[in-house]
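One file, coords-v6.cif, carrying mmCIF, N, CA and C atoms:
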```cif
data_data
#
loop_
_atom_site.label_atom_id
_atom_site.label_comp_id
_atom_site.auth_asym_id
_atom_site.auth_seq_id
_atom_site.Cartn_x
_atom_site.Cartn_y
_atom_site.Cartn_z
N MET A 1 76.09 35.90 110.02
CA MET A 1 76.23 36.49 108.70
C MET A 1 75.21 37.61 108.49
N ALA A 2 74.00 37.46 109.01
CA ALA A 2 72.98 38.49 108.86
C ALA A 2 73.41 39.77 109.57
N ARG A 3 74.04 39.60 110.74
CA ARG A 3 74.52 40.78 111.47
C ARG A 3 75.58 41.51 110.68
N THR A 4 76.47 40.75 110.04
CA THR A 4 77.53 41.36 109.25
C THR A 4 76.95 42.16 108.09
N LYS A 5 75.96 41.59 107.42
CA LYS A 5 75.33 42.30 106.31
C LYS A 5 74.62 43.56 106.80
N LYS A 6 73.94 43.45 107.95
CA LYS A 6 73.24 44.61 108.49
C LYS A 6 74.23 45.69 108.89
N LEU A 7 75.35 45.30 109.50
CA LEU A 7 76.37 46.26 109.87
C LEU A 7 76.97 46.91 108.62
N GLU A 8 77.26 46.11 107.61
CA GLU A 8 77.79 46.66 106.36
C GLU A 8 76.77 47.61 105.74
N SER A 9 75.51 47.22 105.76
CA SER A 9 74.46 48.07 105.21
C SER A 9 74.39 49.39 105.97
N PHE A 10 74.49 49.32 107.30
CA PHE A 10 74.48 50.54 108.11
C PHE A 10 75.67 51.42 107.76
N GLU A 11 76.85 50.81 107.71
CA GLU A 11 78.06 51.57 107.40
C GLU A 11 77.97 52.21 106.00
N ASN A 12 77.47 51.45 105.04
CA ASN A 12 77.33 51.98 103.68
C ASN A 12 76.31 53.12 103.63
N SER A 13 75.19 52.94 104.33
CA SER A 13 74.16 53.98 104.36
C SER A 13 74.70 55.25 105.01
N LEU A 14 75.43 55.09 106.10
CA LEU A 14 75.99 56.24 106.79
C LEU A 14 77.01 56.98 105.92
N ALA A 15 77.85 56.22 105.23
CA ALA A 15 78.85 56.83 104.34
C ALA A 15 78.18 57.58 103.20
N GLU A 16 77.13 56.99 102.64
CA GLU A 16 76.41 57.64 101.55
C GLU A 16 75.71 58.91 102.06
N LEU A 17 75.15 58.84 103.24
CA LEU A 17 74.51 60.01 103.84
C LEU A 17 75.53 61.13 104.05
N GLU A 18 76.71 60.79 104.52
CA GLU A 18 77.75 61.79 104.72
C GLU A 18 78.14 62.47 103.40
N LYS A 19 78.22 61.69 102.32
CA LYS A 19 78.55 62.26 101.01
C LYS A 19 77.46 63.22 100.55
N ILE A 20 76.21 62.85 100.78
CA ILE A 20 75.09 63.71 100.39
C ILE A 20 75.14 65.02 101.16
N VAL A 21 75.41 64.94 102.46
CA VAL A 21 75.48 66.14 103.29
C VAL A 21 76.61 67.04 102.80
N GLU A 22 77.77 66.47 102.54
CA GLU A 22 78.90 67.26 102.05
C GLU A 22 78.55 67.96 100.74
N SER A 23 77.93 67.23 99.83
CA SER A 23 77.56 67.78 98.53
C SER A 23 76.57 68.93 98.69
N MET A 24 75.59 68.75 99.56
CA MET A 24 74.58 69.79 99.75
C MET A 24 75.15 71.00 100.47
N GLU A 25 76.10 70.78 101.38
CA GLU A 25 76.72 71.89 102.10
C GLU A 25 77.52 72.79 101.17
N GLN A 26 78.05 72.22 100.09
CA GLN A 26 78.81 73.03 99.14
C GLN A 26 77.90 74.01 98.41
N GLY A 27 76.62 73.63 98.27
CA GLY A 27 75.63 74.55 97.74
C GLY A 27 75.69 74.82 96.25
N ASP A 28 76.46 74.08 95.50
CA ASP A 28 76.57 74.35 94.07
C ASP A 28 75.93 73.26 93.22
N ILE A 29 74.80 72.73 93.70
CA ILE A 29 74.05 71.77 92.88
C ILE A 29 72.68 72.37 92.57
N PRO A 30 72.13 72.06 91.42
CA PRO A 30 70.83 72.61 91.04
C PRO A 30 69.74 72.21 92.04
N LEU A 31 68.70 73.02 92.11
CA LEU A 31 67.63 72.81 93.07
C LEU A 31 67.00 71.42 92.95
N GLU A 32 66.72 70.99 91.73
CA GLU A 32 66.10 69.68 91.53
C GLU A 32 66.99 68.56 92.08
N LYS A 33 68.27 68.64 91.80
CA LYS A 33 69.22 67.65 92.30
C LYS A 33 69.32 67.72 93.82
N ALA A 34 69.26 68.94 94.36
CA ALA A 34 69.31 69.12 95.81
C ALA A 34 68.09 68.47 96.48
N LEU A 35 66.93 68.62 95.89
CA LEU A 35 65.72 68.01 96.43
C LEU A 35 65.79 66.49 96.38
N GLU A 36 66.30 65.96 95.28
CA GLU A 36 66.48 64.51 95.18
C GLU A 36 67.46 64.01 96.24
N SER A 37 68.55 64.73 96.39
CA SER A 37 69.55 64.36 97.39
C SER A 37 68.97 64.44 98.79
N PHE A 38 68.19 65.47 99.05
CA PHE A 38 67.56 65.63 100.36
C PHE A 38 66.63 64.46 100.66
N GLU A 39 65.82 64.09 99.67
CA GLU A 39 64.89 62.97 99.85
C GLU A 39 65.64 61.67 100.13
N LYS A 40 66.70 61.43 99.37
CA LYS A 40 67.50 60.23 99.58
C LYS A 40 68.17 60.26 100.95
N GLY A 41 68.65 61.43 101.34
CA GLY A 41 69.28 61.59 102.65
C GLY A 41 68.33 61.30 103.79
N ILE A 42 67.09 61.75 103.66
CA ILE A 42 66.08 61.49 104.69
C ILE A 42 65.84 59.98 104.81
N LYS A 43 65.73 59.30 103.69
CA LYS A 43 65.52 57.84 103.71
C LYS A 43 66.71 57.14 104.37
N LEU A 44 67.91 57.55 104.02
CA LEU A 44 69.11 56.95 104.61
C LEU A 44 69.18 57.22 106.11
N ALA A 45 68.85 58.43 106.51
CA ALA A 45 68.88 58.79 107.94
C ALA A 45 67.88 57.94 108.71
N ARG A 46 66.71 57.74 108.15
CA ARG A 46 65.70 56.91 108.83
C ARG A 46 66.16 55.47 108.94
N THR A 47 66.78 54.96 107.88
CA THR A 47 67.30 53.59 107.91
C THR A 47 68.37 53.45 108.99
N CYS A 48 69.29 54.39 109.04
CA CYS A 48 70.35 54.36 110.05
C CYS A 48 69.76 54.46 111.45
N GLN A 49 68.78 55.35 111.64
CA GLN A 49 68.17 55.51 112.96
C GLN A 49 67.48 54.23 113.40
N LYS A 50 66.80 53.55 112.48
CA LYS A 50 66.12 52.30 112.80
C LYS A 50 67.14 51.25 113.25
N THR A 51 68.24 51.15 112.53
CA THR A 51 69.28 50.18 112.87
C THR A 51 69.87 50.49 114.25
N LEU A 52 70.11 51.76 114.54
CA LEU A 52 70.66 52.14 115.84
C LEU A 52 69.66 51.87 116.96
N THR A 53 68.39 52.12 116.72
CA THR A 53 67.36 51.85 117.72
C THR A 53 67.28 50.37 118.04
N GLU A 54 67.35 49.54 116.99
CA GLU A 54 67.33 48.09 117.20
C GLU A 54 68.55 47.64 118.00
N ALA A 55 69.70 48.19 117.71
CA ALA A 55 70.92 47.84 118.45
C ALA A 55 70.79 48.26 119.91
N GLU A 56 70.24 49.44 120.15
CA GLU A 56 70.05 49.92 121.52
C GLU A 56 69.09 49.00 122.29
N GLN A 57 68.05 48.54 121.63
CA GLN A 57 67.11 47.63 122.28
C GLN A 57 67.79 46.31 122.64
N LYS A 58 68.63 45.82 121.76
CA LYS A 58 69.35 44.58 122.05
C LYS A 58 70.26 44.75 123.26
N VAL A 59 70.94 45.88 123.34
CA VAL A 59 71.82 46.16 124.47
C VAL A 59 71.01 46.23 125.76
N ARG A 60 69.85 46.87 125.72
CA ARG A 60 68.99 46.96 126.91
C ARG A 60 68.54 45.58 127.36
N ILE A 61 68.20 44.72 126.42
CA ILE A 61 67.79 43.36 126.77
C ILE A 61 68.93 42.66 127.51
N LEU A 62 70.13 42.83 127.03
CA LEU A 62 71.28 42.20 127.68
C LEU A 62 71.55 42.76 129.07
N LEU A 63 71.41 44.05 129.23
CA LEU A 63 71.73 44.69 130.50
C LEU A 63 70.64 44.53 131.55
N GLU A 64 69.43 44.27 131.15
CA GLU A 64 68.32 44.21 132.10
C GLU A 64 67.96 42.79 132.51
N GLN A 65 68.87 41.88 132.43
CA GLN A 65 68.64 40.49 132.80
C GLN A 65 69.16 40.21 134.21
N ASN A 66 68.84 41.07 135.17
CA ASN A 66 69.29 40.90 136.55
C ASN A 66 70.80 40.68 136.64
N GLY A 67 71.52 41.40 135.84
CA GLY A 67 72.96 41.28 135.85
C GLY A 67 73.50 40.09 135.09
N LYS A 68 72.62 39.25 134.59
CA LYS A 68 73.06 38.09 133.82
C LYS A 68 73.15 38.48 132.34
N GLN A 69 74.19 38.05 131.72
CA GLN A 69 74.35 38.34 130.31
C GLN A 69 73.87 37.15 129.48
N THR A 70 72.58 36.99 129.47
CA THR A 70 71.99 35.93 128.67
C THR A 70 71.30 36.55 127.48
N LEU A 71 71.29 35.87 126.38
CA LEU A 71 70.66 36.38 125.17
C LEU A 71 69.21 35.95 125.11
N GLU A 72 68.37 36.87 124.71
CA GLU A 72 66.97 36.58 124.46
C GLU A 72 66.69 36.79 122.99
N GLU A 73 65.70 36.13 122.48
CA GLU A 73 65.30 36.35 121.10
C GLU A 73 64.82 37.79 120.98
N PHE A 74 65.26 38.48 119.98
CA PHE A 74 64.89 39.87 119.76
C PHE A 74 64.02 39.97 118.54
N SER A 75 62.92 40.65 118.68
CA SER A 75 62.03 40.87 117.56
C SER A 75 61.95 42.37 117.30
N ASN A 76 62.16 42.77 116.08
CA ASN A 76 62.05 44.18 115.75
C ASN A 76 60.66 44.52 115.24
N ASP A 77 59.71 43.63 115.48
CA ASP A 77 58.32 43.86 115.13
C ASP A 77 57.72 44.79 116.17
N PRO A 78 57.25 45.99 115.77
CA PRO A 78 56.77 46.98 116.73
C PRO A 78 55.46 46.60 117.41
N SER A 79 54.77 45.56 116.99
CA SER A 79 53.48 45.23 117.60
C SER A 79 53.59 44.44 118.86
#
```

Could you quickly redo this structure as structure tokens?
Amino acid sequence: MARTKKLESFENSLAELEKIVESMEQGDIPLEKALESFEKGIKLARTCQKTLTEAEQKVRILLEQNGKQTLEEFSNDPS
């Protein structure tokens, strides 16, 4: 269930980021609104990038088990 929520969160964040980009590309929003949108877009992009990095790490763990597809506990703690 946690994976489903994280995937939904990623999908929602990505969709929201796409809407922000489309809106900003049109260029007809006031500067203050554009700055707010840009700030929100940066936060969403970082969230999406973090989720993708974690997924890539999980895939690497699976592939680097001497050809065995065994699951290991994954920690996203950078320390």

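Taking atom CA of Pro30 of chain A and atom CA of Asn12 of chain A as the two end points, the separation is 25.1 Å.
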
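Taking atom CA of Glu39 of chain A as the reference point, atom C of Gly27 of chain A is found at 16.4 Å.
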
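We find atom CA of Ala45 of chain A and atom CA of Ser23 of chain A to be spaced 15.6 Å apart.
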
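The smallest atom-to-atom distance between Thr47 of chain A and any of A:Ile20, A:Val59, A:Leu14, A:Ala34, using all atoms listed in the file, is found for A:Leu14.
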
Let me have the centre and edge lengths in Å, one decimal, of the box along x, y and z around every listed atom of segment 19-23 of chain A with 5 Å of margin on each side, as lines of an AutoDock Vina configuration file.
```
center_x = 77.0
center_y = 65.3
center_z = 100.9
size_x = 13.8
size_y = 17.2
size_z = 14.8
```

Output as an mmCIF file with N, CA and C atoms, in the frame of the given file all residues of segment 8-74 of chain A that backbone DSSP marks as alpha helix (DSSP H).
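In the end it all went to part-v3.cif:
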```cif
data_model
loop_
_atom_site.group_PDB
_atom_site.id
_atom_site.type_symbol
_atom_site.label_atom_id
_atom_site.label_comp_id
_atom_site.auth_asym_id
_atom_site.auth_seq_id
_atom_site.Cartn_x
_atom_site.Cartn_y
_atom_site.Cartn_z
ATOM 1 N N GLU A 8 77.260 46.110 107.610
ATOM 2 C CA GLU A 8 77.790 46.660 106.360
ATOM 3 C C GLU A 8 76.770 47.610 105.740
ATOM 4 N N SER A 9 75.510 47.220 105.760
ATOM 5 C CA SER A 9 74.460 48.070 105.210
ATOM 6 C C SER A 9 74.390 49.390 105.970
ATOM 7 N N PHE A 10 74.490 49.320 107.300
ATOM 8 C CA PHE A 10 74.480 50.540 108.110
ATOM 9 C C PHE A 10 75.670 51.420 107.760
ATOM 10 N N GLU A 11 76.850 50.810 107.710
ATOM 11 C CA GLU A 11 78.060 51.570 107.400
ATOM 12 C C GLU A 11 77.970 52.210 106.000
ATOM 13 N N ASN A 12 77.470 51.450 105.040
ATOM 14 C CA ASN A 12 77.330 51.980 103.680
ATOM 15 C C ASN A 12 76.310 53.120 103.630
ATOM 16 N N SER A 13 75.190 52.940 104.330
ATOM 17 C CA SER A 13 74.160 53.980 104.360
ATOM 18 C C SER A 13 74.700 55.250 105.010
ATOM 19 N N LEU A 14 75.430 55.090 106.100
ATOM 20 C CA LEU A 14 75.990 56.240 106.790
ATOM 21 C C LEU A 14 77.010 56.980 105.920
ATOM 22 N N ALA A 15 77.850 56.220 105.230
ATOM 23 C CA ALA A 15 78.850 56.830 104.340
ATOM 24 C C ALA A 15 78.180 57.580 103.200
ATOM 25 N N GLU A 16 77.130 56.990 102.640
ATOM 26 C CA GLU A 16 76.410 57.640 101.550
ATOM 27 C C GLU A 16 75.710 58.910 102.060
ATOM 28 N N LEU A 17 75.150 58.840 103.240
ATOM 29 C CA LEU A 17 74.510 60.010 103.840
ATOM 30 C C LEU A 17 75.530 61.130 104.050
ATOM 31 N N GLU A 18 76.710 60.790 104.520
ATOM 32 C CA GLU A 18 77.750 61.790 104.720
ATOM 33 C C GLU A 18 78.140 62.470 103.400
ATOM 34 N N LYS A 19 78.220 61.690 102.320
ATOM 35 C CA LYS A 19 78.550 62.260 101.010
ATOM 36 C C LYS A 19 77.460 63.220 100.550
ATOM 37 N N ILE A 20 76.210 62.850 100.780
ATOM 38 C CA ILE A 20 75.090 63.710 100.390
ATOM 39 C C ILE A 20 75.140 65.020 101.160
ATOM 40 N N VAL A 21 75.410 64.940 102.460
ATOM 41 C CA VAL A 21 75.480 66.140 103.290
ATOM 42 C C VAL A 21 76.610 67.040 102.800
ATOM 43 N N GLU A 22 77.770 66.470 102.540
ATOM 44 C CA GLU A 22 78.900 67.260 102.050
ATOM 45 C C GLU A 22 78.550 67.960 100.740
ATOM 46 N N SER A 23 77.930 67.230 99.830
ATOM 47 C CA SER A 23 77.560 67.780 98.530
ATOM 48 C C SER A 23 76.570 68.930 98.690
ATOM 49 N N MET A 24 75.590 68.750 99.560
ATOM 50 C CA MET A 24 74.580 69.790 99.750
ATOM 51 C C MET A 24 75.150 71.000 100.470
ATOM 52 N N GLU A 25 76.100 70.780 101.380
ATOM 53 C CA GLU A 25 76.720 71.890 102.100
ATOM 54 C C GLU A 25 77.520 72.790 101.170
ATOM 55 N N GLN A 26 78.050 72.220 100.090
ATOM 56 C CA GLN A 26 78.810 73.030 99.140
ATOM 57 C C GLN A 26 77.900 74.010 98.410
ATOM 58 N N LEU A 31 68.700 73.020 92.110
ATOM 59 C CA LEU A 31 67.630 72.810 93.070
ATOM 60 C C LEU A 31 67.000 71.420 92.950
ATOM 61 N N GLU A 32 66.720 70.990 91.730
ATOM 62 C CA GLU A 32 66.100 69.680 91.530
ATOM 63 C C GLU A 32 66.990 68.560 92.080
ATOM 64 N N LYS A 33 68.270 68.640 91.800
ATOM 65 C CA LYS A 33 69.220 67.650 92.300
ATOM 66 C C LYS A 33 69.320 67.720 93.820
ATOM 67 N N ALA A 34 69.260 68.940 94.360
ATOM 68 C CA ALA A 34 69.310 69.120 95.810
ATOM 69 C C ALA A 34 68.090 68.470 96.480
ATOM 70 N N LEU A 35 66.930 68.620 95.890
ATOM 71 C CA LEU A 35 65.720 68.010 96.430
ATOM 72 C C LEU A 35 65.790 66.490 96.380
ATOM 73 N N GLU A 36 66.300 65.960 95.280
ATOM 74 C CA GLU A 36 66.480 64.510 95.180
ATOM 75 C C GLU A 36 67.460 64.010 96.240
ATOM 76 N N SER A 37 68.550 64.730 96.390
ATOM 77 C CA SER A 37 69.550 64.360 97.390
ATOM 78 C C SER A 37 68.970 64.440 98.790
ATOM 79 N N PHE A 38 68.190 65.470 99.050
ATOM 80 C CA PHE A 38 67.560 65.630 100.360
ATOM 81 C C PHE A 38 66.630 64.460 100.660
ATOM 82 N N GLU A 39 65.820 64.090 99.670
ATOM 83 C CA GLU A 39 64.890 62.970 99.850
ATOM 84 C C GLU A 39 65.640 61.670 100.130
ATOM 85 N N LYS A 40 66.700 61.430 99.370
ATOM 86 C CA LYS A 40 67.500 60.230 99.580
ATOM 87 C C LYS A 40 68.170 60.260 100.950
ATOM 88 N N GLY A 41 68.650 61.430 101.340
ATOM 89 C CA GLY A 41 69.280 61.590 102.650
ATOM 90 C C GLY A 41 68.330 61.300 103.790
ATOM 91 N N ILE A 42 67.090 61.750 103.660
ATOM 92 C CA ILE A 42 66.080 61.490 104.690
ATOM 93 C C ILE A 42 65.840 59.980 104.810
ATOM 94 N N LYS A 43 65.730 59.300 103.690
ATOM 95 C CA LYS A 43 65.520 57.840 103.710
ATOM 96 C C LYS A 43 66.710 57.140 104.370
ATOM 97 N N LEU A 44 67.910 57.550 104.020
ATOM 98 C CA LEU A 44 69.110 56.950 104.610
ATOM 99 C C LEU A 44 69.180 57.220 106.110
ATOM 100 N N ALA A 45 68.850 58.430 106.510
ATOM 101 C CA ALA A 45 68.880 58.790 107.940
ATOM 102 C C ALA A 45 67.880 57.940 108.710
ATOM 103 N N ARG A 46 66.710 57.740 108.150
ATOM 104 C CA ARG A 46 65.700 56.910 108.830
ATOM 105 C C ARG A 46 66.160 55.470 108.940
ATOM 106 N N THR A 47 66.780 54.960 107.880
ATOM 107 C CA THR A 47 67.300 53.590 107.910
ATOM 108 C C THR A 47 68.370 53.450 108.990
ATOM 109 N N CYS A 48 69.290 54.390 109.040
ATOM 110 C CA CYS A 48 70.350 54.360 110.050
ATOM 111 C C CYS A 48 69.760 54.460 111.450
ATOM 112 N N GLN A 49 68.780 55.350 111.640
ATOM 113 C CA GLN A 49 68.170 55.510 112.960
ATOM 114 C C GLN A 49 67.480 54.230 113.400
ATOM 115 N N LYS A 50 66.800 53.550 112.480
ATOM 116 C CA LYS A 50 66.120 52.300 112.800
ATOM 117 C C LYS A 50 67.140 51.250 113.250
ATOM 118 N N THR A 51 68.240 51.150 112.530
ATOM 119 C CA THR A 51 69.280 50.180 112.870
ATOM 120 C C THR A 51 69.870 50.490 114.250
ATOM 121 N N LEU A 52 70.110 51.760 114.540
ATOM 122 C CA LEU A 52 70.660 52.140 115.840
ATOM 123 C C LEU A 52 69.660 51.870 116.960
ATOM 124 N N THR A 53 68.390 52.120 116.720
ATOM 125 C CA THR A 53 67.360 51.850 117.720
ATOM 126 C C THR A 53 67.280 50.370 118.040
ATOM 127 N N GLU A 54 67.350 49.540 116.990
ATOM 128 C CA GLU A 54 67.330 48.090 117.200
ATOM 129 C C GLU A 54 68.550 47.640 118.000
ATOM 130 N N ALA A 55 69.700 48.190 117.710
ATOM 131 C CA ALA A 55 70.920 47.840 118.450
ATOM 132 C C ALA A 55 70.790 48.260 119.910
ATOM 133 N N GLU A 56 70.240 49.440 120.150
ATOM 134 C CA GLU A 56 70.050 49.920 121.520
ATOM 135 C C GLU A 56 69.090 49.000 122.290
ATOM 136 N N GLN A 57 68.050 48.540 121.630
ATOM 137 C CA GLN A 57 67.110 47.630 122.280
ATOM 138 C C GLN A 57 67.790 46.310 122.640
ATOM 139 N N LYS A 58 68.630 45.820 121.760
ATOM 140 C CA LYS A 58 69.350 44.580 122.050
ATOM 141 C C LYS A 58 70.260 44.750 123.260
ATOM 142 N N VAL A 59 70.940 45.880 123.340
ATOM 143 C CA VAL A 59 71.820 46.160 124.470
ATOM 144 C C VAL A 59 71.010 46.230 125.760
ATOM 145 N N ARG A 60 69.850 46.870 125.720
ATOM 146 C CA ARG A 60 68.990 46.960 126.910
ATOM 147 C C ARG A 60 68.540 45.580 127.360
ATOM 148 N N ILE A 61 68.200 44.720 126.420
ATOM 149 C CA ILE A 61 67.790 43.360 126.770
ATOM 150 C C ILE A 61 68.930 42.660 127.510
ATOM 151 N N LEU A 62 70.130 42.830 127.030
ATOM 152 C CA LEU A 62 71.280 42.200 127.680
ATOM 153 C C LEU A 62 71.550 42.760 129.070
ATOM 154 N N LEU A 63 71.410 44.050 129.230
ATOM 155 C CA LEU A 63 71.730 44.690 130.500
ATOM 156 C C LEU A 63 70.640 44.530 131.550
#
```

May I have the residues within 9 Å of Met24 of chain A as a PyMOL selection string, using only C-alpha atoms and disregarding those fewer than 4 positions away in the same chain? chain A and resi 19-20+28-29+34+37-38

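Shortest atom-to-atom contact with Glu54 of chain A among A:Glu22, A:Phe10, A:Leu17, A:Leu35: A:Phe10, counting only C-alpha atoms.
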